[in-house]
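Raw run.txt, compact mmCIF, C-alpha atoms:
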# COMPACT_ATOMS: atom_id res chain seq x y z
CA MET A 1289 0.00 0.00 0.00
CA GLU A 1290 1.32 3.43 -0.80
CA ASN A 1291 -1.45 5.61 0.62
CA PHE A 1292 -0.64 7.79 3.55
CA THR A 1293 -3.31 7.46 6.21
CA TYR A 1294 -3.66 9.99 8.95
CA VAL A 1295 -5.30 9.05 12.20
CA ASP A 1296 -6.06 11.86 14.62
CA VAL A 1297 -4.89 10.35 17.91
CA PHE A 1298 -6.39 13.20 19.92
CA SER A 1299 -9.94 12.72 18.74
CA THR A 1300 -10.36 9.58 20.86
CA LYS A 1301 -8.54 10.81 23.97
CA GLY A 1302 -11.77 11.48 25.85
CA VAL A 1303 -13.02 7.94 25.32
CA GLU A 1304 -9.63 6.52 26.19
CA TYR A 1305 -9.57 8.36 29.50
CA ILE A 1306 -13.02 7.02 30.29
CA VAL A 1307 -11.92 3.47 29.43
CA VAL A 1308 -8.92 3.74 31.76
CA ILE A 1309 -10.99 5.18 34.61
CA VAL A 1310 -13.62 2.47 34.15
CA PHE A 1311 -10.85 -0.13 34.24
CA LEU A 1312 -9.40 1.28 37.47
CA ILE A 1313 -12.83 1.24 39.11
CA LEU A 1314 -13.75 -2.20 37.81
CA ILE A 1315 -10.44 -3.85 38.75
CA VAL A 1316 -11.18 -3.27 42.43
CA TRP A 1317 -14.64 -4.80 42.12
CA TYR A 1318 -13.26 -7.58 39.87
CA TRP A 1319 -10.55 -8.53 42.35
CA ASN A 1320 -13.11 -8.76 45.13
CA PHE A 1321 -15.48 -10.67 42.85
CA ILE A 1322 -12.87 -13.34 42.09
CA ARG A 1323 -12.02 -13.68 45.76
CA ASP A 1324 -15.61 -13.44 46.92
CA LYS A 1325 -16.36 -17.09 47.46
CA GLU A 1326 -12.95 -17.71 49.01
CA LEU A 1327 -13.77 -15.42 51.96
CA MET B 99 22.26 -41.80 41.56
CA MET B 100 25.99 -41.29 41.69
CA LYS B 101 27.40 -40.33 45.07
CA ASN B 102 30.53 -38.29 44.82
CA ASP B 103 32.16 -36.55 47.76
CA LEU B 104 34.53 -34.79 45.40
CA ALA B 105 31.86 -32.26 44.42
CA ILE B 106 34.31 -29.75 43.00
CA PRO B 107 37.55 -31.47 41.94
CA SER B 108 40.49 -29.38 43.02
CA GLY B 109 43.27 -31.03 41.06
CA ARG B 110 43.80 -32.53 37.62
CA ASN B 111 43.71 -36.12 38.99
CA GLU B 112 40.51 -35.49 40.90
CA LEU B 113 38.93 -33.94 37.82
CA GLY B 114 39.95 -36.94 35.77
CA GLU B 115 38.48 -39.28 38.38
CA ALA B 116 35.25 -37.32 38.50
CA ILE B 117 34.94 -37.48 34.71
CA ASN B 118 35.75 -41.21 34.73
CA GLU B 119 32.98 -41.76 37.26
CA PHE B 120 30.50 -39.55 35.46
CA ILE B 121 30.81 -41.05 31.98
CA PRO B 122 29.56 -44.57 32.83
CA PHE B 123 26.88 -43.03 35.03
CA PHE B 124 25.72 -40.82 32.15
CA LEU B 125 25.80 -43.73 29.67
CA GLN B 126 23.68 -45.73 32.07
CA GLU B 127 21.22 -42.86 32.33
CA LEU B 128 20.90 -42.71 28.55
CA LYS B 129 19.22 -46.11 28.51
CA PRO B 130 15.43 -45.92 28.14
CA LYS B 131 13.29 -46.39 31.20
CA GLY B 132 9.94 -48.10 31.06
CA LYS B 133 8.25 -49.57 28.01
CA ILE B 134 9.77 -48.61 24.68
CA PHE B 135 7.06 -49.49 22.16
CA THR B 136 4.13 -47.55 23.54
CA PRO B 137 1.70 -45.91 21.07
CA PHE B 138 3.04 -42.46 21.99
CA ASN B 139 6.67 -43.53 21.51
CA VAL B 140 5.99 -45.22 18.18
CA ILE B 141 4.04 -42.32 16.69
CA SER B 142 6.25 -39.54 18.04
CA GLY B 143 9.40 -41.51 17.22
CA ALA B 144 8.33 -41.89 13.61
CA ILE B 145 7.53 -38.18 13.38
CA ILE B 146 10.91 -37.28 14.88
CA LEU B 147 12.74 -39.62 12.51
CA VAL B 148 10.98 -38.26 9.43
CA GLY B 149 11.54 -34.74 10.79
CA ALA B 150 15.28 -35.35 11.06
CA ILE B 151 15.41 -36.49 7.43
CA LEU B 152 13.40 -33.48 6.32
CA ILE B 153 15.64 -31.11 8.28
CA ALA B 154 18.62 -32.53 6.40
CA PHE B 155 16.65 -32.07 3.16
CA ARG B 156 15.91 -28.44 4.05
CA LEU B 157 19.56 -27.76 4.91
CA PHE B 158 20.87 -29.31 1.71
CA LYS B 159 18.20 -28.18 -0.73
CA GLY B 160 17.30 -24.81 0.80
CA LEU B 161 14.14 -23.05 1.94
CA GLY B 162 12.52 -23.01 -1.47
CA ALA B 163 12.51 -26.78 -1.74
CA ALA B 164 11.15 -27.41 1.75
CA THR B 165 8.76 -24.54 2.41
CA HIS B 166 6.12 -22.34 0.83
CA LEU B 167 7.90 -19.22 2.05
CA SER B 168 8.46 -16.47 -0.50
CA GLN B 169 9.50 -12.84 -0.80
CA ASP B 170 5.90 -11.87 -0.08
CA PHE B 171 5.58 -14.21 2.90
CA PRO B 172 9.04 -14.57 4.44
CA TRP B 173 7.74 -15.69 7.82
CA GLY B 174 5.62 -18.80 8.03
CA VAL B 175 4.73 -21.43 10.55
CA TRP B 176 8.28 -21.84 11.86
CA ILE B 177 8.36 -18.21 12.98
CA GLY B 178 4.63 -17.76 13.62
CA PHE B 179 4.17 -20.92 15.64
CA ASP B 180 7.56 -22.20 16.82
CA VAL B 181 9.14 -18.89 17.73
CA MET B 182 6.28 -16.44 18.40
CA THR B 183 3.84 -18.85 20.03
CA GLY B 184 6.47 -21.09 21.61
CA VAL B 185 8.24 -18.20 23.29
CA ALA B 186 4.91 -16.77 24.52
CA PHE B 187 4.10 -20.14 26.07
CA ALA B 188 7.51 -20.17 27.76
CA GLY B 189 6.43 -17.03 29.62
CA GLY B 190 5.22 -19.22 32.46
CA ALA B 191 8.82 -19.58 33.60
CA TYR B 192 9.51 -15.91 34.25
CA THR B 193 6.01 -15.32 35.65
CA LEU B 194 6.18 -18.20 38.08
CA THR B 195 9.78 -17.54 39.15
CA PHE B 196 8.73 -13.95 39.86
CA ALA B 197 5.88 -15.23 42.02
CA VAL B 198 7.97 -17.80 43.89
CA TYR B 199 11.39 -16.16 44.30
CA ILE B 200 10.51 -12.46 44.32
CA LEU B 201 7.01 -12.32 45.81
CA GLY B 202 7.64 -15.38 48.01
CA VAL B 203 4.44 -17.22 47.04
CA ASP B 204 5.69 -20.64 48.14
CA LYS B 205 2.42 -22.33 47.12
CA TYR B 206 3.85 -22.72 43.59
CA HIS B 207 7.23 -24.08 44.68
CA PRO B 208 6.29 -27.71 43.85
CA ILE B 209 5.90 -26.85 40.16
CA ILE B 210 8.73 -24.35 39.75
CA ARG B 211 11.35 -26.85 38.59
CA ALA B 212 9.13 -28.36 35.92
CA THR B 213 8.15 -24.88 34.74
CA VAL B 214 11.74 -23.66 34.52
CA LEU B 215 12.72 -26.85 32.68
CA ASN B 216 9.85 -26.35 30.23
CA GLY B 217 10.82 -22.75 29.66
CA PHE B 218 14.46 -23.66 29.09
CA LEU B 219 13.62 -26.44 26.65
CA ALA B 220 11.12 -24.19 24.84
CA TYR B 221 13.75 -21.54 24.20
CA VAL B 222 16.40 -24.09 23.19
CA PHE B 223 14.13 -25.91 20.75
CA TYR B 224 12.35 -22.89 19.35
CA ALA B 225 15.53 -20.87 18.95
CA GLY B 226 16.81 -24.01 17.27
CA ALA B 227 13.75 -24.10 15.02
CA LEU B 228 14.52 -20.49 14.17
CA LEU B 229 17.81 -21.68 12.65
CA LEU B 230 15.85 -23.65 10.08
CA ASP B 231 14.04 -20.54 8.95
CA LEU B 232 17.24 -18.62 8.28
CA GLY B 233 18.36 -18.61 4.68
CA ARG B 234 21.96 -18.67 5.92
CA PRO B 235 21.84 -20.34 9.34
CA TRP B 236 25.59 -19.89 9.91
CA ASN B 237 24.96 -16.13 10.14
CA VAL B 238 22.92 -16.59 13.32
CA ILE B 239 26.09 -15.97 15.32
CA ASN B 240 26.64 -12.51 13.79
CA PRO B 241 24.64 -10.48 16.35
CA ILE B 242 26.77 -12.11 19.06
CA ILE B 243 30.27 -11.97 17.65
CA GLY B 244 30.09 -8.92 15.39
CA ASN B 245 30.64 -9.24 11.65
CA ASP B 246 27.85 -6.70 11.44
CA PHE B 247 26.00 -6.84 14.75
CA GLY B 248 22.80 -5.53 13.16
CA VAL B 249 22.10 -3.05 15.97
CA SER B 250 19.43 -1.25 13.94
CA SER B 251 17.24 -4.34 14.06
CA VAL B 252 15.09 -5.56 16.92
CA LEU B 253 16.53 -8.99 16.08
CA PHE B 254 19.83 -7.88 17.63
CA LEU B 255 18.00 -7.55 20.94
CA VAL B 256 16.08 -10.79 20.40
CA ALA B 257 19.27 -12.73 19.60
CA TRP B 258 21.13 -11.50 22.67
CA HIS B 259 18.14 -11.93 24.92
CA PHE B 260 17.48 -15.48 23.76
CA LEU B 261 21.09 -16.42 24.43
CA LEU B 262 21.25 -14.74 27.83
CA TYR B 263 17.84 -16.01 28.88
CA MET B 264 18.76 -19.60 28.02
CA LEU B 265 21.88 -19.17 30.17
CA ALA B 266 19.84 -17.68 33.02
CA GLN B 267 17.35 -20.53 32.88
CA PHE B 268 20.13 -23.10 32.76
CA ILE B 269 21.60 -21.56 35.89
CA GLU B 270 18.17 -21.64 37.56
CA PHE B 271 17.84 -25.33 36.70
CA SER B 272 21.45 -26.30 37.38
CA PRO B 273 20.95 -27.18 41.09
CA VAL B 274 18.69 -30.00 39.87
CA ILE B 275 21.50 -31.28 37.64
CA ALA B 276 23.91 -31.12 40.60
CA GLU B 277 21.46 -33.12 42.72
CA TRP B 278 21.19 -35.70 39.91
CA GLY B 279 24.97 -36.02 39.72
CA GLY B 280 25.36 -36.13 43.52
CA TRP B 281 27.57 -33.02 43.78
CA PRO B 282 26.61 -31.23 47.03
CA LYS B 283 29.26 -28.50 46.97
CA LEU B 284 28.53 -27.67 43.35
CA ARG B 285 24.83 -27.61 44.17
CA LYS B 286 25.44 -25.13 46.97
CA VAL B 287 27.36 -22.80 44.65
CA LEU B 288 24.71 -23.06 41.92
CA SER B 289 21.84 -22.50 44.38
CA SER B 290 23.43 -19.24 45.48
CA LEU B 291 23.14 -18.03 41.89
CA THR B 292 19.45 -18.83 41.59
CA VAL B 293 17.87 -15.58 42.75
CA GLY B 294 20.26 -13.50 40.65
CA ALA B 295 19.51 -15.64 37.61
CA VAL B 296 15.77 -15.30 38.27
CA ILE B 297 15.96 -11.51 38.48
CA PHE B 298 18.08 -11.39 35.35
CA GLY B 299 15.68 -13.74 33.56
CA ILE B 300 12.60 -11.72 34.45
CA THR B 301 14.29 -8.50 33.31
CA LEU B 302 15.26 -10.11 30.01
CA SER B 303 11.82 -11.60 29.48
CA THR B 304 9.94 -8.33 29.74
CA LEU B 305 11.94 -7.00 26.84
CA HIS B 306 12.23 -9.94 24.51
CA GLN B 307 8.58 -10.92 24.87
CA SER B 308 7.65 -7.43 23.77
CA GLY B 309 10.57 -7.41 21.34
CA LEU B 310 9.01 -10.24 19.37
CA GLY B 311 5.97 -8.00 18.93
CA ALA B 312 8.19 -5.09 18.04
CA LEU B 313 9.46 -7.08 15.05
CA PHE B 314 6.12 -6.32 13.41
CA LEU B 315 6.17 -2.57 13.99
CA MET B 316 7.77 -1.85 10.65
CA ALA B 317 5.17 -3.94 8.82
CA ARG B 318 2.46 -1.32 9.28
CA ASP B 319 1.14 -1.53 5.74
CA LYS B 320 1.27 -5.31 5.62
CA ILE B 321 -0.72 -6.25 8.72
CA HIS B 322 -4.48 -5.75 8.85
CA PRO B 323 -5.38 -2.61 10.90
CA LEU B 324 -7.36 -4.68 13.39
CA TRP B 325 -4.14 -6.41 14.42
CA TYR B 326 -1.55 -3.75 13.71
CA THR B 327 -0.95 -1.19 16.43
CA GLU B 328 2.05 0.61 17.79
CA PHE B 329 1.19 -1.18 21.04
CA ILE B 330 1.88 -4.68 19.64
CA PRO B 331 4.92 -5.00 21.94
CA LEU B 332 2.80 -4.28 25.02
CA LEU B 333 0.11 -6.70 23.88
CA PHE B 334 2.69 -9.43 23.26
CA PHE B 335 4.22 -8.93 26.70
CA VAL B 336 0.91 -8.93 28.60
CA SER B 337 -0.44 -11.89 26.65
CA SER B 338 2.76 -13.86 27.31
CA ILE B 339 1.92 -13.77 31.03
CA PHE B 340 -1.40 -15.55 30.75
CA ALA B 341 -0.18 -17.66 27.83
CA GLY B 342 2.61 -18.98 30.03
CA LEU B 343 0.38 -19.54 33.04
CA SER B 344 -2.19 -21.35 30.88
CA LEU B 345 0.49 -23.64 29.54
CA VAL B 346 1.71 -24.29 33.09
CA ILE B 347 -1.84 -25.43 33.91
CA ILE B 348 -1.97 -27.70 30.83
CA GLU B 349 1.53 -29.09 31.26
CA GLY B 350 1.10 -29.48 35.01
CA SER B 351 -2.15 -31.37 34.58
CA ILE B 352 -0.62 -33.76 32.05
CA SER B 353 2.60 -34.22 34.06
CA HIS B 354 0.64 -34.86 37.21
CA LYS B 355 -0.99 -37.85 35.55
CA VAL B 356 2.03 -39.11 33.62
CA PHE B 357 4.56 -38.75 36.46
CA SER B 358 2.15 -39.27 39.35
CA ASP B 359 4.32 -41.98 40.90
CA GLN B 360 7.16 -39.47 41.35
CA ILE B 361 5.09 -36.73 42.96
CA PRO B 362 5.04 -36.65 46.79
CA GLU B 363 1.67 -37.03 48.46
CA GLU B 364 1.58 -33.47 49.80
CA HIS B 365 2.09 -32.12 46.28
CA HIS B 366 -0.76 -34.26 44.98
CA ALA B 367 -2.97 -32.77 47.64
CA GLY B 368 -1.95 -29.23 46.75
CA GLU B 369 -2.50 -29.57 43.01
CA LYS B 370 -6.05 -28.21 43.07
CA GLU B 371 -5.04 -25.04 44.93
CA ILE B 372 -2.14 -24.50 42.55
CA ILE B 373 -4.33 -24.76 39.47
CA LEU B 374 -6.97 -22.46 40.95
CA GLY B 375 -4.25 -19.96 41.88
CA LEU B 376 -2.82 -20.02 38.38
CA GLY B 377 -6.33 -19.62 37.00
CA LYS B 378 -6.85 -16.58 39.17
CA GLY B 379 -3.64 -15.06 37.85
CA CYS B 380 -4.77 -15.68 34.29
CA ALA B 381 -8.19 -14.16 35.00
CA ILE B 382 -6.68 -10.94 36.34
CA VAL B 383 -4.13 -10.49 33.56
CA MET B 384 -6.64 -11.34 30.84
CA PHE B 385 -9.00 -8.73 32.28
CA ALA B 386 -6.26 -6.12 31.98
CA TYR B 387 -5.42 -7.42 28.48
CA LEU B 388 -9.02 -6.98 27.36
CA PHE B 389 -9.00 -3.37 28.48
CA ILE B 390 -5.70 -2.75 26.71
CA LYS B 391 -7.22 -4.27 23.57
CA LEU B 392 -10.22 -1.97 23.96
CA LEU B 393 -7.95 1.05 24.34
CA VAL B 394 -6.00 0.05 21.25
CA PHE B 395 -9.30 -0.52 19.38
CA VAL B 396 -10.47 2.99 20.23
CA HIS B 397 -7.07 4.65 19.77
CA GLY B 398 -6.56 3.15 16.32
CA HIS B 399 -10.10 3.90 15.09
CA GLN B 400 -10.44 0.16 14.44
CA TRP B 401 -14.25 0.12 14.60
CA LYS B 402 -14.26 1.00 10.88
CA PHE B 403 -13.08 -2.54 10.10
CA ILE B 404 -15.39 -4.57 12.33
CA ALA B 405 -18.12 -5.02 9.72
CA THR B 406 -15.80 -6.91 7.34
CA PRO B 407 -14.83 -10.58 7.06
CA MET B 408 -11.55 -9.88 8.86
CA GLY B 409 -13.56 -8.00 11.46
CA GLY B 410 -15.57 -11.14 12.06
CA TRP B 411 -12.34 -13.11 12.39
CA PHE B 412 -11.01 -10.53 14.86
CA LEU B 413 -14.19 -10.81 16.94
CA THR B 414 -13.84 -14.61 16.84
CA GLU B 415 -10.33 -14.33 18.26
CA ILE B 416 -11.29 -11.89 20.98
CA GLY B 417 -14.72 -13.25 21.82
CA GLY B 418 -14.06 -16.96 21.54
CA PHE B 419 -10.50 -17.13 22.77
CA VAL B 420 -10.13 -14.24 25.22
CA VAL B 421 -13.55 -13.29 26.61
CA LEU B 422 -14.90 -16.85 26.80
CA PRO B 423 -11.86 -18.36 28.59
CA LEU B 424 -11.82 -15.32 30.88
CA ILE B 425 -15.41 -16.05 31.93
CA MET B 426 -14.51 -19.71 32.38
CA TYR B 427 -11.50 -18.82 34.51
CA VAL B 428 -13.56 -16.52 36.71
CA ASN B 429 -16.29 -19.13 37.19
CA GLY B 430 -13.77 -21.90 37.73
CA VAL B 431 -11.85 -19.93 40.37
CA ARG B 432 -14.95 -18.69 42.19
CA ASN B 433 -16.62 -22.11 42.26
CA LYS B 434 -13.33 -24.02 42.72
CA GLN B 435 -13.93 -26.09 39.58
CA VAL B 436 -10.53 -27.28 38.44
CA SER B 437 -11.90 -28.89 35.26
CA LEU B 438 -13.38 -25.55 34.14
CA VAL B 439 -10.03 -23.85 34.75
CA ARG B 440 -8.29 -26.55 32.70
CA MET B 441 -10.71 -26.08 29.81
CA ALA B 442 -10.19 -22.34 30.01
CA SER B 443 -6.42 -22.85 29.84
CA ILE B 444 -6.78 -24.91 26.65
CA LEU B 445 -8.97 -22.24 25.03
CA THR B 446 -6.52 -19.54 26.13
CA ALA B 447 -3.58 -21.42 24.66
CA LEU B 448 -5.47 -21.83 21.37
CA GLY B 449 -6.22 -18.11 21.48
CA ILE B 450 -2.54 -17.29 21.80
CA VAL B 451 -1.73 -19.56 18.85
CA LEU B 452 -4.46 -17.84 16.86
CA ASN B 453 -3.29 -14.36 17.83
CA ARG B 454 0.31 -15.00 16.88
CA LEU B 455 -0.60 -16.76 13.64
CA ASN B 456 -3.02 -13.95 12.80
CA ILE B 457 -0.34 -11.30 13.11
CA CYS B 458 2.36 -13.35 11.42
CA ILE B 459 0.45 -15.11 8.65
CA ILE B 460 -3.33 -14.75 8.43
CA ALA B 461 -3.70 -10.98 8.80
CA PHE B 462 -0.32 -10.44 7.11
CA LYS B 463 -0.97 -9.27 3.55
CA TRP B 464 -4.50 -10.48 4.09
CA ASN B 465 -5.63 -9.14 0.71
CA ALA B 466 -2.79 -10.58 -1.37
CA PRO B 467 -3.97 -12.59 -4.38
CA VAL B 468 -1.70 -15.53 -3.49
CA ARG B 469 -1.60 -16.43 0.20
CA TYR B 470 0.83 -18.51 2.21
CA PHE B 471 -0.07 -21.94 3.52
CA PRO B 472 2.59 -24.09 5.17
CA SER B 473 3.95 -27.06 3.26
CA TRP B 474 3.61 -30.55 4.73
CA ILE B 475 7.37 -30.45 5.33
CA GLU B 476 7.06 -27.33 7.50
CA ILE B 477 4.22 -28.89 9.49
CA GLU B 478 6.07 -32.19 9.90
CA ILE B 479 9.26 -30.50 11.11
CA THR B 480 7.26 -28.37 13.56
CA LEU B 481 5.67 -31.51 15.01
CA ALA B 482 9.07 -33.22 15.16
CA VAL B 483 10.52 -30.31 17.14
CA ILE B 484 7.59 -30.42 19.59
CA PHE B 485 7.80 -34.19 20.10
CA LEU B 486 11.57 -34.11 20.50
CA GLU B 487 11.16 -31.45 23.18
CA ILE B 488 8.62 -33.68 24.96
CA TRP B 489 11.06 -36.61 24.75
CA VAL B 490 13.85 -34.53 26.29
CA PHE B 491 11.49 -33.25 29.01
CA ARG B 492 10.49 -36.82 29.81
CA TRP B 493 14.14 -37.97 29.84
CA VAL B 494 15.06 -35.25 32.33
CA VAL B 495 12.03 -35.74 34.59
CA ASN B 496 12.55 -39.50 34.75
CA ARG B 497 16.13 -39.08 35.95
CA MET B 498 16.46 -35.80 37.81
CA PRO B 499 14.57 -34.58 40.90
CA VAL B 500 12.13 -32.33 39.00
CA MET B 501 8.80 -33.78 40.16
CA ARG B 502 10.10 -35.88 43.04
CA LYS B 503 11.67 -34.56 46.20
CA PRO B 504 15.35 -33.67 46.06
CA PRO B 505 17.81 -35.84 48.02
CA GLU B 506 18.09 -35.33 51.79
CA TRP B 507 21.47 -33.61 51.53
CA ALA B 508 20.00 -30.85 49.31
CA THR B 509 18.93 -28.73 52.22
CA ASN B 510 17.92 -25.39 50.75
CA ASP B 511 14.71 -24.83 48.87
CA HIS B 512 15.94 -24.07 45.30

Output the structure of this file as structure tokens.
Amino acid sequence: MENFTYVDVFSTKGVEYIVVIVFLILIVWYWNFIRDKEL
Amino acid sequence: MMKNDLAIPSGRNELGEAINEFIPFFLQELKPKGKIFTPFNVISGAIILVGAILIAFRLFKGLGAATHLSQDFPWGVWIGFDVMTGVAFAGGAYTLTFAVYILGVDKYHPIIRATVLNGFLAYVFYAGALLLDLGRPWNVINPIIGNDFGVSSVLFLVAWHFLLYMLAQFIEFSPVIAEWGGWPKLRKVLSSLTVGAVIFGITLSTLHQSGLGALFLMARDKIHPLWYTEFIPLLFFVSSIFAGLSLVIIEGSISHKVFSDQIPEEHHAGEKEIILGLGKGCAIVMFAYLFIKLLVFVHGHQWKFIATPMGGWFLTEIGGFVVLPLIMYVNGVRNKQVSLVRMASILTALGIVLNRLNICIIAFKWNAPVRYFPSWIEIEITLAVIFLEIWVFRWVVNRMPVMRKPPEWATNDH
């Protein structure tokens, strides 16, 4: 392919921040969920 | 087992005596143990024998005669499966040694020797399989000795790391060899090197696992956008963690049955907790991996390609071989169902194979009019390498204290 494609990396930054924050919130719940029946 | 008080010979005569004692011992150990003509031995032996002949054919006649590789598809199943997938599966060694020796999670100590042995053999055999893929195999030494180091290529890093990591793993495993030979003083010296070798090995692994992914960074226009990302190295590294742990579950389950007579009773009893613990590790890392994949998907504007045939294939890889085994791992760990965790590990391993083959072969020049498919010779040699590795693993486990307890005089825990 010889076309030059331009992807605007800043256009998705808002969504990416939300994904990371959701991950950080969910990982706490997820860790407790996996351990739940062990307790 | 040979008993030898002269653990480290101090003079030429003592060295000569030690060698004279070791040679007959080693020749005795070379003899097969157990039944020879079992179905597994017959089938795998035939494959290995044919593989050896085909390897000679490839070396004498060249790549063109033995493979379907071409200028358009220079990397095939030997790189895509043997090297990329095999090295990912060997990631269990650095992950588990980190858990046992650095974090002090002694629960996994019973399986650490087998895991390190597997990792060492994987690198030896798959780096060896890499030799077959080189047009001029004798040039493999160039990154090490000079004669054009090739420092502008990621392969320079990969070559050095493979060599150093094999050395580190050999040092980690060497106390077992000293126990086998009955050399207590040597064992003590080698054991003192273990933690250093583990730290060195983990450091190396983080970079060469991602380095294998970095090999594809310059193939931006050749790999389908759903698989190409500047974060391939990160994805390769993270996926090597759960790939390795999944293979430890698979290999451990098989070894537990095959070598059950060697395993002490307390290790039998602890097997379930070990597998559930490994499953939990996989579940956590795969959860993080899924979010990284989602970030990459958003960052690279990849949603444009989902409604295409390759998009369907991408969803198959992620949905069927990442999300599904993740759910199985979570359910298996929460409900303490070892069989569910084992099934999840098999699906995960298949997912890693699929991911590596996708990047290397299937999604590589996906729209080319003539595609690559491995020749029967490539497939046969790949199987021969795998079976030969299993034979060597079995040879070592049947003779050295890998599964069974070390001798009484081996007092420390390594």

Around (-14.8, 6.4, 25.6) in the file's frame, which residues reach within 12 Å when counting all atoms listed in the file? Return as a ChimeraX atom specification?
/A:1299-1311 /B:389,392-397,399

Near chain A, 10 Å: chain B residue rows, closest pairs, all atoms listed in the file, as JSON lines:
{"residue": "B:Arg318", "atom": "CA", "partner": "A:Met1289", "partner_atom": "CA", "distance": 9.7}
{"residue": "B:Asp319", "atom": "CA", "partner": "A:Met1289", "partner_atom": "CA", "distance": 6.0}
{"residue": "B:Lys320", "atom": "CA", "partner": "A:Met1289", "partner_atom": "CA", "distance": 7.8}
{"residue": "B:Lys378", "atom": "CA", "partner": "A:Ile1322", "partner_atom": "CA", "distance": 7.4}
{"residue": "B:Ala381", "atom": "CA", "partner": "A:Ile1322", "partner_atom": "CA", "distance": 8.5}
{"residue": "B:Ile382", "atom": "CA", "partner": "A:Trp1319", "partner_atom": "CA", "distance": 7.5}
{"residue": "B:Phe385", "atom": "CA", "partner": "A:Ile1315", "partner_atom": "CA", "distance": 8.2}
{"residue": "B:Ala386", "atom": "CA", "partner": "A:Phe1311", "partner_atom": "CA", "distance": 7.9}
{"residue": "B:Leu388", "atom": "CA", "partner": "A:Phe1311", "partner_atom": "CA", "distance": 9.9}
{"residue": "B:Phe389", "atom": "CA", "partner": "A:Phe1311", "partner_atom": "CA", "distance": 6.9}
{"residue": "B:Ile390", "atom": "CA", "partner": "A:Val1308", "partner_atom": "CA", "distance": 8.8}
{"residue": "B:Leu392", "atom": "CA", "partner": "A:Val1307", "partner_atom": "CA", "distance": 7.9}
{"residue": "B:Leu393", "atom": "CA", "partner": "A:Glu1304", "partner_atom": "CA", "distance": 6.0}
{"residue": "B:Val394", "atom": "CA", "partner": "A:Glu1304", "partner_atom": "CA", "distance": 8.9}
{"residue": "B:Phe395", "atom": "CA", "partner": "A:Glu1304", "partner_atom": "CA", "distance": 9.8}
{"residue": "B:Val396", "atom": "CA", "partner": "A:Thr1300", "partner_atom": "CA", "distance": 6.6}
{"residue": "B:His397", "atom": "CA", "partner": "A:Thr1300", "partner_atom": "CA", "distance": 6.0}
{"residue": "B:Gly398", "atom": "CA", "partner": "A:Val1295", "partner_atom": "CA", "distance": 7.3}
{"residue": "B:His399", "atom": "CA", "partner": "A:Val1295", "partner_atom": "CA", "distance": 7.6}
{"residue": "B:Tyr427", "atom": "CA", "partner": "A:Ile1322", "partner_atom": "CA", "distance": 9.5}
{"residue": "B:Val428", "atom": "CA", "partner": "A:Ile1322", "partner_atom": "CA", "distance": 6.3}
{"residue": "B:Asn429", "atom": "CA", "partner": "A:Ile1322", "partner_atom": "CA", "distance": 8.3}
{"residue": "B:Gly430", "atom": "CA", "partner": "A:Ile1322", "partner_atom": "CA", "distance": 9.6}
{"residue": "B:Val431", "atom": "CA", "partner": "A:Ile1322", "partner_atom": "CA", "distance": 6.9}
{"residue": "B:Arg432", "atom": "CA", "partner": "A:Lys1325", "partner_atom": "CA", "distance": 5.7}
{"residue": "B:Asn433", "atom": "CA", "partner": "A:Lys1325", "partner_atom": "CA", "distance": 7.2}
{"residue": "B:Lys434", "atom": "CA", "partner": "A:Glu1326", "partner_atom": "CA", "distance": 8.9}
{"residue": "B:Lys463", "atom": "CA", "partner": "A:Met1289", "partner_atom": "CA", "distance": 10.0}

Selected residue of minimal separation from Arg502 of chain B among B:Ala212, B:Ile242, B:Leu333, B:Leu422, counting all atoms listed in the file
B:Ala212

For the atom pair atom CA of Gly311 of chain B and atom CA of Ile330 of chain B, what is the interatomic distance in Å to one decimal place?
5.3 Å

Using only C-alpha atoms, determine which residues lie at most 7 Å from segment 170-177 of chain B, disregarding the query and same-chain residues fewer than 2 positions distant; provide the list as a list in words.
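What passes the distance filter is Leu167, Ser168, Phe179, Asp180, Val181, Met182, Ala227, Leu228, Asp231, Cys458, Ile459, Tyr470, Pro472 and Thr480 of chain B.
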
How many Å separate atom CA of Gly342 of chain B from atom CA of Ala188 of chain B?
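Atom-to-atom, atom CA of Gly342 of chain B to atom CA of Ala188 of chain B, that is 5.5 Å.
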
Between atom CA of Ile457 of chain B and atom CA of Val483 of chain B, what distance in Å does the model show, to one decimal?
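Going from atom CA of Ile457 of chain B over to atom CA of Val483 of chain B covers 22.3 Å.
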
With a distance cut-off of 12 Å and only C-alpha atoms, select the neighbouring residues of Phe158 of chain B, excluding the residue or stretch itself and same-chain residues fewer than 6 positions from it, and output the selection as a list in words.
Ile151, Leu152, Ala164, Leu230, Gly233, Arg234 and Pro235 of chain B

With C-alpha atoms retained, write the just-selected residues as an mmCIF file, in the frame of the given file.
data_model
loop_
_atom_site.group_PDB
_atom_site.id
_atom_site.type_symbol
_atom_site.label_atom_id
_atom_site.label_comp_id
_atom_site.auth_asym_id
_atom_site.auth_seq_id
_atom_site.Cartn_x
_atom_site.Cartn_y
_atom_site.Cartn_z
ATOM 1 C CA ILE B 151 15.410 -36.490 7.430
ATOM 2 C CA LEU B 152 13.400 -33.480 6.320
ATOM 3 C CA ALA B 164 11.150 -27.410 1.750
ATOM 4 C CA LEU B 230 15.850 -23.650 10.080
ATOM 5 C CA GLY B 233 18.360 -18.610 4.680
ATOM 6 C CA ARG B 234 21.960 -18.670 5.920
ATOM 7 C CA PRO B 235 21.840 -20.340 9.340
#
